[in-house]
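Text of entry.txt (compact mmCIF, C-alpha atoms) as supplied:
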```
# COMPACT_ATOMS: atom_id res chain seq x y z
CA MET L 6 -39.53 71.43 70.90
CA LYS L 7 -41.45 68.32 71.88
CA THR L 8 -44.55 69.84 70.33
CA ASN L 9 -42.74 70.41 67.01
CA VAL L 10 -41.45 66.84 67.00
CA LYS L 11 -44.90 65.54 67.80
CA THR L 12 -46.37 67.67 65.02
CA MET L 13 -43.79 66.40 62.54
CA VAL L 14 -44.45 62.79 63.50
CA MET L 15 -48.21 63.25 63.14
CA GLY L 16 -47.71 64.99 59.83
CA ALA L 17 -45.54 62.17 58.53
CA ALA L 18 -48.06 59.60 59.66
CA LEU L 19 -50.90 61.52 58.00
CA THR L 20 -48.88 61.79 54.80
CA ALA L 21 -48.27 58.06 54.89
CA VAL L 22 -51.96 57.38 55.41
CA LEU L 23 -52.91 59.67 52.54
CA ALA L 24 -50.26 58.13 50.34
CA SER L 25 -51.44 54.64 51.11
CA SER L 26 -55.03 55.74 50.56
CA GLY L 27 -54.03 57.26 47.26
CA CYS L 28 -52.36 54.03 46.22
CA ALA L 29 -55.45 52.08 47.16
CA THR L 30 -57.67 54.43 45.19
CA SER L 31 -55.35 54.26 42.21
CA SER L 32 -55.31 50.50 42.42
CA LEU L 33 -59.09 50.43 42.64
CA LEU L 34 -59.45 52.68 39.63
CA GLU L 35 -57.02 50.55 37.69
CA SER L 36 -58.95 47.48 38.73
CA ASP L 37 -62.21 49.01 37.51
CA ASN L 38 -60.63 49.83 34.17
CA ARG L 39 -58.99 46.45 33.75
CA VAL L 40 -60.15 44.81 30.54
CA SER L 41 -61.12 41.17 30.94
CA THR L 42 -61.18 38.79 28.01
CA GLN L 43 -63.43 35.89 27.18
CA THR L 44 -63.23 33.08 24.67
CA THR L 45 -65.84 33.43 21.94
CA LYS L 46 -66.91 30.40 19.91
CA THR L 47 -67.97 31.14 16.35
CA THR L 48 -69.70 28.59 14.12
CA LEU L 49 -68.20 28.78 10.66
CA SER L 50 -70.30 26.20 8.84
CA GLU L 51 -72.83 23.40 9.21
CA ASP L 52 -73.30 20.67 6.68
CA GLN L 53 -75.57 17.69 6.16
CA ILE L 54 -73.71 14.38 5.95
CA VAL L 55 -74.53 12.33 2.87
CA ALA L 56 -72.18 9.37 3.20
CA PHE L 57 -68.86 8.07 4.48
CA GLY L 58 -66.23 6.89 2.03
CA ARG L 59 -62.67 7.07 0.83
CA PRO L 60 -61.02 8.88 -2.09
CA ALA L 61 -61.28 6.97 -5.37
CA GLN L 62 -57.63 7.87 -6.00
CA ALA L 63 -54.79 9.43 -4.02
CA LEU L 64 -55.20 13.13 -3.36
CA PRO L 65 -52.33 15.51 -4.20
CA LYS L 66 -50.51 16.69 -1.06
CA MET L 67 -52.68 14.39 1.05
CA PRO L 68 -50.95 10.98 1.05
CA ASN L 69 -52.57 9.97 4.34
CA ALA L 70 -56.14 10.68 3.27
CA THR L 71 -57.98 7.46 4.10
CA MET L 72 -61.54 8.53 4.88
CA VAL L 73 -63.95 11.18 3.66
CA ILE L 74 -67.06 12.55 5.31
CA VAL L 75 -69.21 13.46 2.31
CA GLY L 76 -71.30 16.56 2.90
CA GLU L 77 -73.83 18.39 0.78
CA LYS L 78 -71.67 21.54 0.79
CA ASN L 79 -68.11 20.28 1.12
CA SER L 80 -65.98 17.16 1.56
CA TYR L 81 -64.07 16.57 4.79
CA VAL L 82 -60.96 14.46 4.31
CA LEU L 83 -59.48 12.79 7.38
CA THR L 84 -55.69 12.83 7.35
CA GLN L 85 -55.33 11.52 10.90
CA GLY L 86 -57.62 8.98 12.51
CA GLY L 87 -59.07 7.95 9.16
CA THR L 88 -57.38 4.55 9.17
CA GLU L 89 -58.78 3.81 12.64
CA MET L 90 -62.26 4.93 11.59
CA VAL L 91 -62.18 2.83 8.42
CA ASN L 92 -61.09 -0.17 10.47
CA LEU L 93 -63.95 0.26 12.94
CA LEU L 94 -66.63 0.94 10.35
CA SER L 95 -65.49 -1.93 8.16
CA ASN L 96 -65.30 -4.58 10.88
CA LEU L 97 -68.20 -3.74 13.19
CA THR L 98 -71.84 -4.47 12.38
CA PRO L 99 -73.24 -1.04 11.37
CA LYS L 100 -76.65 -1.47 13.04
CA ASN L 101 -74.92 -1.88 16.43
CA ILE L 102 -72.82 1.31 16.13
CA GLN L 103 -73.80 4.58 17.78
CA VAL L 104 -72.24 8.02 17.49
CA ASP L 105 -71.71 9.24 21.05
CA ASN L 106 -70.84 12.88 20.37
CA ASP L 107 -71.78 15.70 18.05
CA MET L 108 -69.61 15.79 14.96
CA SER L 109 -68.22 19.21 15.78
CA PHE L 110 -64.72 20.06 14.62
CA TYR L 111 -62.39 22.89 15.63
CA VAL L 112 -60.76 25.04 12.93
CA PRO L 113 -58.02 26.95 14.83
CA ASN L 114 -56.88 29.26 12.03
CA ASN L 115 -59.73 28.89 9.54
CA ASP L 116 -57.21 27.87 6.92
CA GLY L 117 -58.85 24.70 5.66
CA TYR L 118 -57.61 22.39 8.43
CA PHE L 119 -59.74 21.02 11.26
CA GLN L 120 -59.36 18.75 14.28
CA GLY L 121 -61.60 16.98 16.75
CA GLU L 122 -62.69 13.62 18.03
CA MET L 123 -65.02 10.88 16.88
CA LYS L 124 -66.66 8.85 19.64
CA LEU L 125 -68.42 5.61 18.79
CA SER L 126 -69.94 2.84 20.86
CA TYR L 127 -70.77 -0.70 19.86
CA ALA L 128 -73.34 -2.78 21.73
CA LYS L 129 -75.16 -6.07 21.37
CA LEU L 130 -76.41 -8.92 23.54
CA LYS L 131 -73.68 -10.64 25.53
CA ASP L 132 -74.36 -14.08 24.07
CA GLU L 133 -73.81 -12.66 20.56
CA PHE L 134 -70.20 -11.69 21.24
CA LYS L 135 -67.43 -14.03 20.13
CA ARG L 136 -63.86 -14.38 21.28
CA SER L 137 -62.73 -12.65 18.09
CA ASP L 138 -64.88 -9.63 18.99
CA TYR L 139 -63.11 -9.15 22.30
CA GLN L 140 -59.76 -9.57 20.61
CA PHE L 141 -60.72 -6.84 18.11
CA PHE L 142 -61.71 -4.49 20.96
CA LEU L 143 -58.37 -5.06 22.70
CA GLN L 144 -56.41 -4.37 19.52
CA ASN L 145 -58.36 -1.18 18.76
CA ASN L 146 -58.45 0.45 22.20
CA GLY L 147 -62.07 -0.42 22.85
CA ARG L 148 -63.12 0.23 26.43
CA GLU L 149 -65.94 -1.52 28.21
CA CYS L 150 -68.67 1.06 28.89
CA THR L 151 -71.80 -0.99 29.55
CA SER L 152 -74.61 1.17 30.92
CA ALA L 153 -77.32 0.25 33.41
CA SER L 154 -79.88 0.10 30.60
CA ASP L 155 -77.57 -2.27 28.69
CA GLN L 156 -77.32 -4.54 31.72
CA ARG L 157 -81.09 -4.71 32.08
CA ILE L 158 -81.34 -6.40 28.69
CA ASN L 159 -78.15 -8.44 29.20
CA ALA L 160 -76.21 -6.43 26.63
CA GLN L 161 -72.62 -5.26 26.64
CA ARG L 162 -71.16 -2.06 25.20
CA PHE L 163 -67.67 -0.99 24.11
CA CYS L 164 -66.61 2.60 23.42
CA PHE L 165 -64.04 3.95 20.98
CA SER L 166 -62.56 7.44 20.91
CA VAL L 167 -60.61 8.42 17.80
CA PRO L 168 -58.76 11.78 17.60
CA VAL L 169 -59.02 13.07 14.04
CA LYS L 170 -57.51 15.80 11.91
CA GLY L 171 -58.42 16.69 8.37
CA ALA L 172 -58.77 19.12 5.53
CA ILE L 173 -61.77 20.76 3.91
CA TYR L 174 -62.31 20.14 0.21
CA PRO L 175 -65.01 21.22 -2.25
CA GLN L 176 -68.10 19.09 -2.78
CA VAL L 177 -67.18 15.70 -4.27
CA SER L 178 -67.60 15.57 -8.03
CA ASN L 179 -69.75 12.42 -7.96
CA LEU L 180 -72.17 13.65 -5.27
CA SER L 181 -75.28 13.28 -7.45
CA ILE L 182 -74.39 9.64 -8.21
CA ILE L 183 -73.84 8.95 -4.50
CA GLN L 184 -77.16 10.52 -3.57
CA SER L 185 -79.03 8.48 -6.18
CA ASN L 186 -77.37 5.14 -5.38
CA TYR L 187 -76.60 5.39 -1.70
CA ARG L 188 -79.40 4.70 0.74
CA ALA L 189 -79.86 7.52 3.21
CA LEU L 190 -78.29 7.30 6.66
CA THR L 191 -80.48 6.00 9.45
CA LYS L 192 -81.05 9.58 10.60
CA PRO L 193 -79.95 13.04 9.44
CA TYR L 194 -76.47 13.81 10.72
CA MET L 195 -74.89 17.23 10.79
CA VAL L 196 -71.23 18.16 10.93
CA THR L 197 -70.31 21.53 12.43
CA PHE L 198 -67.11 23.55 12.16
CA TYR L 199 -66.19 26.31 14.58
CA THR L 200 -63.34 28.56 15.64
CA GLN L 201 -62.51 30.37 18.86
CA SER L 202 -61.12 33.82 19.58
CA GLN L 203 -60.21 35.95 22.58
CA GLN L 204 -62.44 39.00 22.79
CA ASN L 205 -62.32 42.00 25.12
CA GLN L 206 -65.54 42.50 27.04
CA VAL L 207 -65.40 46.28 26.57
CA HIS L 208 -65.69 45.74 22.82
CA ARG L 209 -68.58 43.29 22.96
CA SER L 210 -71.08 45.94 21.96
CA GLY L 211 -69.38 46.33 18.60
CA ALA L 212 -70.53 44.56 15.45
CA ASN L 213 -69.71 40.87 15.36
CA THR L 214 -68.06 40.17 12.03
CA ALA L 215 -69.35 36.96 10.48
CA GLN L 216 -66.79 34.43 9.29
CA LYS L 217 -67.02 31.77 6.63
CA LEU L 218 -65.36 28.39 6.47
CA VAL L 219 -62.21 28.56 4.35
CA LEU L 220 -61.21 25.70 2.05
CA LEU L 221 -57.63 24.72 1.34
CA PRO L 222 -56.20 26.92 -1.42
CA PHE L 223 -55.05 23.87 -3.42
CA ALA L 224 -58.17 21.75 -2.84
CA LEU L 225 -59.86 20.31 -5.92
CA ALA L 226 -63.05 18.26 -6.21
CA PHE L 227 -62.55 14.49 -6.44
CA ASP L 228 -64.55 11.26 -6.66
CA VAL L 229 -65.23 9.18 -3.58
CA VAL L 230 -66.01 5.50 -3.12
CA THR L 231 -68.57 5.06 -0.35
CA PHE L 232 -68.52 2.37 2.31
CA PRO L 233 -71.09 -0.41 1.92
CA LEU L 234 -72.69 0.40 5.25
CA GLN L 235 -75.52 2.42 6.62
CA LEU L 236 -74.63 4.52 9.66
CA LEU L 237 -75.50 5.28 12.29
CA ASP L 238 -78.11 4.71 14.95
CA ASN L 239 -78.20 7.14 17.85
```

Structure encoded using structure tokens:
Amino acid sequence: MKTNVKTMVMGAALTAVLASSGCATSSLLESDNRVSTQTTKTTLSEDQIVAFGRPAQALPKMPNATMVIVGEKNSYVLTQGGTEMVNLLSNLTPKNIQVDNDMSFYVPNNDGYFQGEMKLSYAKLKDEFKRSDYQFFLQNNGRECTSASDQRINAQRFCFSVPVKGAIYPQVSNLSIIQSNYRALTKPYMVTFYTQSQQNQVHRSGANTAQKLVLLPFALAFDVVTFPLQLLDN
């Protein structure tokens, strides 16, 4: 009788071990087959910047359009952050402005709308700054960001970060006039538009479908008035 009980106990224990082993194996197999995802960044378009300006007249459905990045392919109208950018570019000496980041904008749904950030810095010798300059920096969220190289030449630097949103329009209608009358920027500047998507790793070997930048369905070409400044040193 004791032998039978002992046999039953051992059998139950063995069954439990096998069951737990089976669960572990199943879990391992499931783990091996688990599909992981990764975020894929896709460049939709790159464009050469020709000038910075503002619409010559109000744009339909875009009452807040205050600044335009004029490109060779398309026009990029800022609907948020444009007022701040116009204020900075109109009040700061252009030769002392630097662009501190790539002009790369995110297009979440590729529906004609983009978002991103413009980062500028403004530097000159300390003895050239006036009280009004510091007051302007305070009023426009300028942050002191003097570098070691600035200090070596007794210069001071202030940084500005402007979140922007905007819409993609066709090439401005007066582009040829702008190109003939507007002196080229101090260096070639590119603007890039990209989107992101979640992609399963197991499908990575498949063909990568190319995407194109989509313009707003109601967007029409318009004239632009350029700023009387030459940007930007880098």

In the coordinates of the file, take the point (-62.1, 15.0, -4.8) and a cut-off of 8 Å; then, counting only C-alpha atoms, name each qualifying protein, DNA or RNA residue as a compact mmCIF listing (two decimals) with C-alpha atoms, in the coordinates of the input.
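In the end it all went to part_3.txt:
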```txt
# COMPACT_ATOMS: atom_id res chain seq x y z
CA PRO L 60 -61.02 8.88 -2.09
CA LEU L 64 -55.20 13.13 -3.36
CA SER L 80 -65.98 17.16 1.56
CA TYR L 174 -62.31 20.14 0.21
CA PRO L 175 -65.01 21.22 -2.25
CA GLN L 176 -68.10 19.09 -2.78
CA VAL L 177 -67.18 15.70 -4.27
CA SER L 178 -67.60 15.57 -8.03
CA LEU L 225 -59.86 20.31 -5.92
CA ALA L 226 -63.05 18.26 -6.21
CA PHE L 227 -62.55 14.49 -6.44
CA ASP L 228 -64.55 11.26 -6.66
CA VAL L 229 -65.23 9.18 -3.58
```

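Between Pro222 (chain L) and the residues L:Gln201, L:Tyr194, L:Ile173, L:Gln184, the shortest atom-to-atom distance, using all atoms listed in the file, involves L:Ile173.
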
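Ranking L:Asn114, L:Gln53, L:Thr84, L:Thr48 by their shortest atom-to-atom distance to Phe198 (chain L), with all atoms listed in the file included, puts L:Thr48 first.
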
Please, what distance in Å, to one decimal, runs between CA of Val91 (chain L) and CA of Ser126 (chain L)? 14.7 Å

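Our summary of the geometry notes that CA of Ser50 (chain L) is positioned 11.4 Å from CA of Leu220 (chain L).
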
Pick from L:Pro65, L:Gly117, L:Gly58, L:Gly171: nearest to Gly86 (chain L), with all atoms listed in the file counted?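 Among L:Pro65, L:Gly117, L:Gly58, L:Gly171, it is L:Gly171 that comes nearest to Gly86 (chain L).
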
Using all atoms listed in the file, the best pick from L:Asn186, L:Gln161, L:Asn115, L:Gln62 as closest to Ser202 (chain L) would be L:Asn115

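The protein and nucleic acid residues lying at most 8 Å from Arg162 (chain L) are Ser126, Tyr127, Ala128, Lys129, Glu149, Cys150, Thr151, Ser152 and Asp155 of chain L, with only C-alpha atoms considered and sequence neighbours fewer than 5 positions away removed.
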
Take the residues just selected and output them with C-alpha atoms as a PDB file, in the frame of the given file.
```pdb
ATOM      1  CA  SER L 126     -69.940   2.840  20.860  1.00  0.00           C
ATOM      2  CA  TYR L 127     -70.770  -0.700  19.860  1.00  0.00           C
ATOM      3  CA  ALA L 128     -73.340  -2.780  21.730  1.00  0.00           C
ATOM      4  CA  LYS L 129     -75.160  -6.070  21.370  1.00  0.00           C
ATOM      5  CA  GLU L 149     -65.940  -1.520  28.210  1.00  0.00           C
ATOM      6  CA  CYS L 150     -68.670   1.060  28.890  1.00  0.00           C
ATOM      7  CA  THR L 151     -71.800  -0.990  29.550  1.00  0.00           C
ATOM      8  CA  SER L 152     -74.610   1.170  30.920  1.00  0.00           C
ATOM      9  CA  ASP L 155     -77.570  -2.270  28.690  1.00  0.00           C
TER      10      ASP L 155
END
```

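For the pair CA of Ser95 (chain L) and CA of Lys66 (chain L), the separation is 25.6 Å.
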
Nearest to Val104 (chain L): which of L:Phe142, L:Phe165, L:Phe223, L:Phe232 is it, counting all atoms listed in the file? L:Phe165

Point out the residue among L:Asp116, L:Glu122, L:Glu133, L:Glu51 with the least atom-to-atom distance to Glu89 (chain L), counting only C-alpha atoms.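 Looking only at the distances to Glu89 (chain L), the closest residue turns out to be L:Glu122.
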
Return the padded bounding box of region 133-147 of chain L as JSON: axis-aligned, built from all atoms listed in the file, 3 Å added on each side, with centre and edge lengths in Å to one decimal.
```
{"center_x": -65.1, "center_y": -7.0, "center_z": 20.5, "size_x": 23.4, "size_y": 20.8, "size_z": 10.8}
```

Fewer than 5 positions away in the same chain doesn't count, so skip those; otherwise give me all residues within 10 Å of Gln203 (chain L), counting only C-alpha atoms, as a short mmCIF file (atom, residue, chain, number, x, y, z; two decimals) with C-alpha atoms, keeping the file's coordinate frame.
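Once everything was written out, this is selection.cif:
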```cif
data_model
loop_
_atom_site.label_atom_id
_atom_site.label_comp_id
_atom_site.auth_asym_id
_atom_site.auth_seq_id
_atom_site.Cartn_x
_atom_site.Cartn_y
_atom_site.Cartn_z
CA SER L 41 -61.12 41.17 30.94
CA THR L 42 -61.18 38.79 28.01
CA GLN L 43 -63.43 35.89 27.18
CA THR L 44 -63.23 33.08 24.67
CA THR L 45 -65.84 33.43 21.94
CA LYS L 46 -66.91 30.40 19.91
#
```
